[in-house]
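Colleague: Structure: protein26.cif, mmCIF, C-alpha atoms.
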data_entry
loop_
_atom_site.label_atom_id
_atom_site.label_comp_id
_atom_site.auth_asym_id
_atom_site.auth_seq_id
_atom_site.Cartn_x
_atom_site.Cartn_y
_atom_site.Cartn_z
CA MET X 20 12.24 10.01 -39.02
CA GLN X 21 12.74 8.41 -35.62
CA ARG X 22 10.73 5.26 -35.07
CA ILE X 23 8.74 5.00 -31.86
CA ARG X 24 8.56 1.60 -30.22
CA ILE X 25 5.35 0.73 -28.38
CA VAL X 26 5.97 -1.29 -25.23
CA PRO X 27 3.93 -4.54 -25.05
CA ALA X 28 1.86 -5.05 -21.93
CA ALA X 29 3.91 -8.10 -20.97
CA LYS X 30 7.09 -6.00 -20.74
CA LEU X 31 5.62 -3.06 -18.84
CA LEU X 32 6.31 -4.57 -15.43
CA GLN X 33 9.96 -5.10 -16.26
CA MET X 34 10.55 -1.44 -17.09
CA THR X 35 12.24 1.07 -14.83
CA HIS X 36 13.34 4.67 -15.19
CA VAL X 37 16.60 5.41 -13.41
CA ASN X 38 16.53 9.18 -13.99
CA ASN X 39 13.11 9.70 -12.43
CA ASN X 40 13.70 6.96 -9.86
CA LEU X 41 10.08 5.91 -10.18
CA CYS X 42 10.48 2.63 -8.34
CA HIS X 43 11.66 4.26 -5.13
CA GLY X 44 9.94 6.57 -2.72
CA ARG X 45 6.77 8.55 -3.24
CA SER X 46 5.66 9.28 -6.80
CA ASP X 47 4.70 12.78 -7.96
CA PHE X 48 1.03 11.82 -7.72
CA MET X 49 1.32 10.73 -4.08
CA LYS X 50 3.24 13.92 -3.23
CA LYS X 51 0.19 15.90 -4.31
CA LEU X 52 -2.33 13.57 -2.64
CA THR X 53 -2.13 14.68 0.98
CA PRO X 54 -4.83 14.93 3.65
CA THR X 55 -5.04 18.69 2.99
CA CYS X 56 -6.55 17.99 -0.41
CA THR X 57 -8.40 14.82 0.53
CA LEU X 58 -11.72 16.64 0.62
CA VAL X 59 -11.22 17.96 -2.91
CA VAL X 60 -10.10 14.62 -4.31
CA TYR X 61 -12.89 12.61 -2.78
CA SER X 62 -15.70 15.17 -2.88
CA ASN X 63 -17.43 13.19 -5.63
CA ARG X 64 -17.30 9.89 -3.73
CA ASN X 65 -20.21 8.41 -1.81
CA PHE X 66 -19.13 8.51 1.83
CA TYR X 67 -21.04 6.11 4.05
CA SER X 68 -21.43 6.87 7.72
CA SER X 69 -19.12 5.26 10.24
CA LYS X 70 -19.10 5.23 14.02
CA PRO X 71 -17.74 8.42 15.63
CA VAL X 72 -14.20 8.24 16.92
CA THR X 73 -14.07 7.95 20.69
CA THR X 74 -11.07 8.85 22.81
CA SER X 75 -10.28 8.08 26.40
CA LYS X 76 -9.96 11.79 27.28
CA PRO X 77 -12.17 13.87 24.98
CA GLN X 78 -11.05 17.47 24.64
CA PRO X 79 -13.69 20.14 25.30
CA ARG X 80 -14.73 22.03 22.18
CA PRO X 81 -17.17 24.86 21.46
CA LYS X 82 -20.77 23.70 21.25
CA ARG X 83 -21.14 25.07 17.73
CA VAL X 84 -18.27 22.91 16.46
CA THR X 85 -19.62 19.84 18.22
CA PHE X 86 -23.08 20.38 16.77
CA LEU X 87 -21.63 20.94 13.29
CA GLU X 88 -19.63 17.72 13.46
CA ARG X 89 -22.66 15.78 14.61
CA PHE X 90 -24.69 17.16 11.75
CA LEU X 91 -22.00 16.46 9.13
CA ASN X 92 -21.32 12.97 10.48
CA LYS X 93 -24.96 12.06 9.89
CA THR X 94 -24.70 12.96 6.21
CA SER X 95 -23.47 10.32 3.77
CA TYR X 96 -21.57 12.71 1.49
CA PHE X 97 -19.56 14.60 4.06
CA ASN X 98 -18.47 12.59 7.06
CA LEU X 99 -15.68 14.12 9.12
CA ASN X 100 -14.74 10.88 10.85
CA ARG X 101 -14.52 9.09 7.54
CA LEU X 102 -12.34 11.84 6.09
CA ARG X 103 -10.00 11.54 9.04
CA PHE X 104 -9.57 7.83 8.38
CA VAL X 105 -9.12 8.46 4.64
CA GLY X 106 -6.34 10.91 5.46
CA LEU X 107 -4.79 8.39 7.86
CA ALA X 108 -4.81 5.73 5.14
CA ILE X 109 -3.10 8.02 2.63
CA LEU X 110 -0.37 8.84 5.13
CA LEU X 111 0.13 5.16 6.01
CA TYR X 112 0.56 4.28 2.34
CA GLU X 113 2.96 7.20 1.80
CA ASN X 114 4.85 5.96 4.85
CA VAL X 115 5.43 2.61 3.15
CA VAL X 116 6.83 4.00 -0.10
CA ASP X 117 8.83 6.72 1.70
CA GLU X 118 10.38 4.82 4.59
CA LEU X 119 10.79 1.27 3.31
CA ASP X 120 14.28 0.35 2.09
CA TYR X 121 13.44 -1.25 -1.25
CA ASP X 122 17.09 -1.72 -2.18
CA GLN X 123 17.52 -3.95 0.84
CA PHE X 124 14.89 -6.33 -0.48
CA TYR X 125 16.23 -6.18 -4.04
CA LYS X 126 19.73 -7.04 -2.86
CA GLU X 127 18.77 -9.75 -0.37
CA PHE X 128 16.41 -11.60 -2.72
CA LYS X 129 18.30 -10.81 -5.96
CA MET X 130 15.40 -8.90 -7.52
CA PRO X 131 15.90 -6.63 -10.55
CA ASP X 132 15.21 -2.94 -9.99
CA THR X 133 11.98 -2.86 -11.99
CA PHE X 134 8.38 -1.80 -11.56
CA ASN X 135 7.38 -5.41 -10.92
CA SER X 136 9.89 -5.78 -8.08
CA TRP X 137 8.76 -2.48 -6.56
CA PHE X 138 5.14 -3.66 -6.71
CA LEU X 139 5.86 -7.02 -5.07
CA VAL X 140 7.60 -5.38 -2.11
CA THR X 141 4.91 -2.71 -1.82
CA GLU X 142 2.11 -5.27 -2.14
CA LEU X 143 3.55 -7.34 0.71
CA HIS X 144 3.63 -4.40 3.12
CA VAL X 145 0.25 -3.07 2.03
CA TRP X 146 -1.15 -6.51 2.81
CA LEU X 147 0.46 -6.42 6.28
CA LEU X 148 -1.24 -3.06 6.88
CA MET X 149 -4.53 -4.52 5.65
CA VAL X 150 -4.26 -7.35 8.18
CA ARG X 151 -3.64 -4.87 11.01
CA CYS X 152 -6.50 -2.59 9.96
CA MET X 153 -9.04 -5.41 9.75
CA ALA X 154 -8.65 -5.94 13.50
CA GLU X 155 -10.32 -2.54 14.08
CA GLY X 156 -13.80 -3.19 12.75
CA ALA X 157 -15.61 -0.58 10.64
CA ASP X 158 -12.98 2.13 11.14
CA GLY X 159 -10.20 -0.22 10.11
CA LEU X 160 -12.19 -1.23 7.05
CA ILE X 161 -12.28 2.39 5.86
CA VAL X 162 -8.51 2.69 6.30
CA ARG X 163 -7.85 -0.66 4.60
CA ASN X 164 -9.93 0.19 1.54
CA GLN X 165 -8.32 3.60 1.15
CA ILE X 166 -4.80 2.18 1.44
CA VAL X 167 -5.57 -0.15 -1.45
CA LYS X 168 -7.08 2.71 -3.48
CA SER X 169 -4.00 4.83 -2.88
CA MET X 170 -1.76 1.98 -4.00
CA TRP X 171 -3.61 1.52 -7.31
CA GLU X 172 -3.68 5.25 -8.03
CA ASP X 173 0.04 5.41 -7.34
CA CYS X 174 0.73 2.34 -9.50
CA THR X 175 -1.26 3.75 -12.42
CA HIS X 176 0.65 7.02 -12.23
CA ARG X 177 4.02 5.26 -12.05
CA GLY X 178 3.08 3.06 -15.01
CA LYS X 179 2.34 6.10 -17.15
CA GLN X 180 5.58 7.78 -16.08
CA LEU X 181 7.60 4.83 -17.44
CA SER X 182 6.92 6.12 -20.95
CA THR X 183 9.89 7.64 -22.79
CA LYS X 184 10.52 8.93 -26.31
CA GLU X 185 12.09 5.63 -27.32
CA ASN X 186 9.57 3.40 -25.49
CA GLN X 187 6.10 4.85 -25.35
CA VAL X 188 3.54 3.33 -23.02
CA ILE X 189 -0.03 4.00 -24.10
CA SER X 190 -2.81 4.43 -21.54
CA LYS X 191 -4.68 1.32 -22.70
CA ILE X 192 -1.66 -0.87 -21.97
CA VAL X 193 -1.33 0.65 -18.50
CA ARG X 194 -5.03 0.03 -17.77
CA ASN X 195 -4.84 -3.56 -18.99
CA GLN X 196 -1.73 -4.21 -16.92
CA MET X 197 -3.30 -2.67 -13.82
CA THR X 198 -6.37 -4.88 -14.31
CA GLU X 199 -4.14 -7.94 -14.48
CA LEU X 200 -2.18 -6.84 -11.41
CA SER X 201 -5.44 -6.23 -9.54
CA ALA X 202 -6.62 -9.77 -10.22
CA GLN X 203 -3.26 -11.16 -9.06
CA PHE X 204 -3.35 -8.95 -5.96
CA ASN X 205 -6.81 -10.17 -4.95
CA PHE X 206 -5.77 -13.79 -5.40
CA TYR X 207 -2.48 -13.59 -3.52
CA VAL X 208 -3.97 -11.57 -0.66
CA ILE X 209 -6.10 -14.65 0.00
CA CYS X 210 -3.01 -16.87 -0.29
CA TYR X 211 -1.07 -14.66 2.14
CA ASP X 212 -4.03 -14.64 4.55
CA GLU X 213 -4.23 -18.42 4.43
CA GLY X 214 -0.50 -18.70 5.08
CA LEU X 215 -0.59 -16.21 7.96
CA THR X 216 -3.35 -18.12 9.75
CA GLY X 217 -1.83 -21.49 8.86
CA ASP X 218 1.62 -22.96 9.34
CA ASP X 219 4.92 -21.84 7.81
CA LYS X 220 4.65 -24.38 4.99
CA ILE X 221 1.50 -22.74 3.65
CA LEU X 222 2.97 -19.25 3.99
CA ALA X 223 6.22 -20.38 2.34
CA SER X 224 4.23 -21.77 -0.57
CA ALA X 225 2.44 -18.44 -1.05
CA VAL X 226 5.71 -16.52 -0.81
CA TRP X 227 7.45 -18.80 -3.32
CA ARG X 228 4.63 -18.51 -5.85
CA ARG X 229 4.15 -14.76 -5.53
CA PHE X 230 7.33 -13.09 -4.35
CA PHE X 231 9.72 -15.49 -6.07
CA ASN X 232 7.44 -16.11 -9.08
CA SER X 233 7.68 -19.90 -8.57
CA GLU X 234 11.34 -19.74 -9.56
CA GLY X 235 14.63 -20.59 -7.89
CA ASN X 236 15.49 -23.28 -5.40
CA ASN X 237 16.77 -21.41 -2.37
CA PRO X 238 14.77 -22.46 0.69
CA GLU X 239 16.90 -20.25 2.94
CA LYS X 240 15.67 -17.08 1.21
CA ILE X 241 12.07 -18.26 1.41
CA GLU X 242 12.50 -19.10 5.08
CA LYS X 243 13.98 -15.66 5.72
CA LEU X 244 11.04 -13.87 4.11
CA VAL X 245 8.55 -16.06 6.00
CA HIS X 246 10.36 -15.20 9.22
CA TYR X 247 10.23 -11.51 8.31
CA ILE X 248 6.49 -11.62 7.64
CA ARG X 249 5.79 -13.34 10.96
CA LYS X 250 7.98 -10.87 12.87
CA GLN X 251 6.61 -7.78 11.13
CA ASN X 252 3.03 -8.90 11.65
CA SER X 253 3.77 -9.46 15.34
CA LEU X 254 5.21 -5.94 15.67
CA LEU X 255 2.14 -4.45 13.98
CA GLU X 256 -0.14 -6.33 16.35
CA GLU X 257 1.72 -4.81 19.31
CA LEU X 258 0.90 -1.29 18.07
CA SER X 259 -2.33 0.05 19.49
CA TRP X 260 -4.85 1.64 17.14
CA ASP X 261 -4.64 4.91 19.06
CA GLU X 262 -0.88 4.97 18.57
CA ILE X 263 -1.22 4.39 14.83
CA ARG X 264 -3.84 7.13 14.55
CA LYS X 265 -1.67 9.53 16.53
CA LYS X 266 1.65 8.92 14.76
CA LYS X 267 0.09 8.22 11.33
CA SER X 268 3.17 6.19 10.47
CA ILE X 269 4.84 2.82 11.01
CA ALA X 270 8.49 2.28 11.86
CA TRP X 271 9.50 0.05 8.94
CA HIS X 272 12.90 -1.41 9.79
CA GLY X 273 12.86 -3.84 6.90
CA LEU X 274 14.89 -7.02 7.13
CA ASP X 275 16.88 -5.58 10.04
CA ILE X 276 14.21 -6.84 12.43
CA ILE X 277 15.35 -10.43 11.87
CA LYS X 278 19.12 -9.93 11.56
CA SER X 279 19.70 -10.61 15.24
CA ASN X 280 17.83 -13.91 15.04
#
Reformat the file's structure so that it appears as structure tokens.
Modeller:
Amino acid sequence: MQRIRIVPAAKLLQMTHVNNNLCHGRSDFMKKLTPTCTLVVYSNRNFYSSKPVTTSKPQPRPKRVTFLERFLNKTSYFNLNRLRFVGLAILLYENVVDELDYDQFYKEFKMPDTFNSWFLVTELHVWLLMVRCMAEGADGLIVRNQIVKSMWEDCTHRGKQLSTKENQVISKIVRNQMTELSAQFNFYVICYDEGLTGDDKILASAVWRRFFNSEGNNPEKIEKLVHYIRKQNSLLEELSWDEIRKKKSIAWHGLDIIKSN
């Protein structure tokens, strides 16, 4: 009889699955979670009202549609504007995992191709999106919260998919690991925020503790990542909110944005 080995929670983050390529691109769960099914997925959520979206040149629409939207926007359980921002957030998160060159980060910073490395790179760019969204008031808050929700749902699905016949990952271990990751995420988001608003020394300290796990003694790599964060944040600030809403994507060029400097 073949013995089945249960993977300890401490080793879950170091697992990867080359055949399914789980640590690259969009997971099966995120492929199914598109704005076309957003209403079905979130129909049981409590949607709070947000301010209607205003455009510089509103397009004329039939009065019936306008009246219907006004009526639905006043309800807390079915808010069209909120659903639009939820769909935008899902697409922005998918854009990160689809377009970002993870291998570039793994190679440059000598990171193993594991779930933990994938999460650290994803977490960094999700945080950058969070910073950009928070500059847009209540609408940005909706997008920010949904991006984080999408990330955790994707992470949970990827964690379960790491299970194989030889190394089985039980659901309880995945939940415990996600809880631990969530606590770390909340803490280091504050550290990243402090570093972004402070000087490079503070940001470098946060990067060294989180991204490099307080290991290694290569200040050049830390300086490079700090430079990348500053540059990428600057590029995001240059994008208007209307442009982000229209394109529903970000041009992630990775570390190439600092190669010329």
Colleague: Extract, using all atoms listed in the file, all DNA, RNA and protein residues at most 10 Å from range 247-252 of chain X, discarding same-chain residues fewer than 2 positions from it, and format them as a list in words.
Modeller: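 Once the nearby chain positions are removed, what remains is Leu143, His144, Leu147, Leu148, Val150, Arg151, Tyr211, Leu215, Asp219, Leu222, Val226, Ile241, Glu242, Lys243, Leu244, Val245, Leu254, Leu255, Glu256, Glu257, Trp271, His272, Gly273, Leu274, Asp275, Ile276, Ile277 and Lys278 of chain X.
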Colleague: Choose the residue, out of X:Glu127, X:Asp120, X:Leu200, X:Ala154, that has the smallest atom-to-atom separation from Leu258 in chain X; count only C-alpha atoms.
Modeller: X:Ala154
Colleague: Do you have the CA of Trp171 in chain X-CA of Arg264 in chain X distance handy?
Modeller: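 Value for the CA of Trp171 in chain X-CA of Arg264 in chain X distance: 22.6 Å.
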Colleague: Rounded to one decimal in Å, what is the spacing between CA of Arg228 in chain X and CA of His246 in chain X?
Modeller: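 Interatomic distance, CA of Arg228 in chain X to CA of His246 in chain X: 16.5 Å.
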Colleague: Need the neighbours of (-2.6, 8.8, 15.3): which residues are at most 12 Å away, counting all atoms listed in the file, as a VMD selection string?
Modeller: chain X and resid 72 74 103 to 104 106 to 108 110 to 111 258 to 269
Colleague: What does the distance between CA of Val105 in chain X and CA of Phe138 in chain X come to in Å, to one decimal place?
Modeller: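 Pair CA of Val105 in chain X / CA of Phe138 in chain X returns 21.9 Å.
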Colleague: Calculated over all atoms listed in the file, which of the candidates X:Ala225, X:Asn237, X:Thr133, X:Tyr121 has the smallest distance to Ile209 in chain X?
Modeller: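 Of X:Ala225, X:Asn237, X:Thr133, X:Tyr121, the one nearest Ile209 in chain X is X:Ala225, counting all atoms listed in the file.
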Colleague: Of the candidates X:Ile192, X:Ala157, X:Leu139, X:Val167, which one gets nearest to Asn100 in chain X if we count all atoms listed in the file?
Modeller: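 Closest residue, counting all atoms listed in the file: X:Ala157.
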Colleague: Tell me, as a PyMOL selection string, which residues lie within 12 Å of Cys210 in chain X, counting all atoms listed in the file; anything in the same chain fewer than 6 positions away does not count.
Modeller: chain X and resi 143+146+203-204+216-217+220-230
Colleague: In terms of the shortest atom-to-atom distance over all atoms listed in the file, which of X:Val115, X:Gln123, X:Leu160, X:Cys174 is closest to Val145 in chain X?
Modeller: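 Answer, going by the shortest atom-to-atom distance: X:Val115.
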Colleague: Could you tell me which of X:Lys168, X:Asp158, X:Asp132, X:Thr141 comes closest to Asn114 in chain X if we count all atoms listed in the file?
Modeller: X:Thr141
Colleague: Choose the residue, out of X:Gly159, X:Lys126, X:Gln180, X:Ser201, that has the smallest atom-to-atom separation from Glu142 in chain X; count only C-alpha atoms.
Modeller: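 The shortest atom-to-atom distance to Glu142 in chain X comes from X:Ser201.
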Colleague: Write range 151-162 of chain X as a compact mmCIF listing (two decimals), keeping the file's coordinate frame, completed to all heavy atoms.
Modeller:
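After the write, part_39.txt holds the following:
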# COMPACT_ATOMS: atom_id res chain seq x y z
N ARG X 151 -3.55 -5.63 9.75
CA ARG X 151 -3.64 -4.87 11.01
C ARG X 151 -4.93 -4.06 11.08
O ARG X 151 -5.59 -3.99 12.13
CB ARG X 151 -2.42 -3.94 11.14
CG ARG X 151 -2.44 -3.06 12.40
CD ARG X 151 -2.41 -3.92 13.63
NE ARG X 151 -2.58 -3.15 14.86
CZ ARG X 151 -3.75 -2.83 15.39
NH1 ARG X 151 -4.88 -3.23 14.79
NH2 ARG X 151 -3.83 -2.15 16.51
N CYS X 152 -5.31 -3.43 9.97
CA CYS X 152 -6.50 -2.59 9.96
C CYS X 152 -7.77 -3.39 10.17
O CYS X 152 -8.72 -2.92 10.81
CB CYS X 152 -6.59 -1.82 8.64
SG CYS X 152 -5.33 -0.54 8.43
N MET X 153 -7.82 -4.60 9.66
CA MET X 153 -9.04 -5.41 9.75
C MET X 153 -9.33 -5.85 11.18
O MET X 153 -10.40 -6.38 11.46
CB MET X 153 -8.95 -6.62 8.83
CG MET X 153 -9.10 -6.26 7.36
SD MET X 153 -10.57 -5.29 7.02
CE MET X 153 -11.87 -6.45 7.44
N ALA X 154 -8.39 -5.62 12.09
CA ALA X 154 -8.65 -5.94 13.50
C ALA X 154 -9.40 -4.82 14.21
O ALA X 154 -9.73 -4.93 15.38
CB ALA X 154 -7.33 -6.20 14.22
N GLU X 155 -9.70 -3.71 13.47
CA GLU X 155 -10.32 -2.54 14.08
C GLU X 155 -11.75 -2.30 13.62
O GLU X 155 -12.26 -1.18 13.72
CB GLU X 155 -9.46 -1.29 13.79
CG GLU X 155 -8.04 -1.39 14.26
CD GLU X 155 -7.94 -1.65 15.76
OE1 GLU X 155 -8.81 -1.16 16.51
OE2 GLU X 155 -6.99 -2.35 16.17
N GLY X 156 -12.39 -3.32 13.10
CA GLY X 156 -13.80 -3.19 12.75
C GLY X 156 -14.08 -2.23 11.61
O GLY X 156 -13.31 -2.15 10.65
N ALA X 157 -15.16 -1.46 11.73
CA ALA X 157 -15.61 -0.58 10.64
C ALA X 157 -14.60 0.51 10.34
O ALA X 157 -14.37 0.85 9.17
CB ALA X 157 -16.97 0.04 11.00
N ASP X 158 -13.97 1.09 11.37
CA ASP X 158 -12.98 2.13 11.14
C ASP X 158 -11.77 1.58 10.40
O ASP X 158 -11.23 2.22 9.48
CB ASP X 158 -12.54 2.73 12.48
CG ASP X 158 -13.67 3.46 13.19
OD1 ASP X 158 -14.65 3.82 12.50
OD2 ASP X 158 -13.58 3.67 14.41
N GLY X 159 -11.33 0.41 10.79
CA GLY X 159 -10.20 -0.22 10.11
C GLY X 159 -10.52 -0.56 8.67
O GLY X 159 -9.64 -0.52 7.80
N LEU X 160 -11.77 -0.91 8.41
CA LEU X 160 -12.19 -1.23 7.05
C LEU X 160 -12.06 -0.02 6.13
O LEU X 160 -11.63 -0.14 4.98
CB LEU X 160 -13.63 -1.75 7.04
CG LEU X 160 -14.21 -2.17 5.69
CD1 LEU X 160 -13.43 -3.33 5.10
CD2 LEU X 160 -15.68 -2.54 5.84
N ILE X 161 -12.42 1.16 6.64
CA ILE X 161 -12.28 2.39 5.86
C ILE X 161 -10.81 2.62 5.51
O ILE X 161 -10.46 2.92 4.37
CB ILE X 161 -12.83 3.59 6.64
CG1 ILE X 161 -14.34 3.43 6.87
CG2 ILE X 161 -12.57 4.89 5.88
CD1 ILE X 161 -14.93 4.49 7.78
N VAL X 162 -9.94 2.47 6.51
CA VAL X 162 -8.51 2.69 6.30
C VAL X 162 -7.95 1.66 5.32
O VAL X 162 -7.19 2.00 4.41
CB VAL X 162 -7.75 2.64 7.64
CG1 VAL X 162 -6.25 2.81 7.41
CG2 VAL X 162 -8.26 3.71 8.59
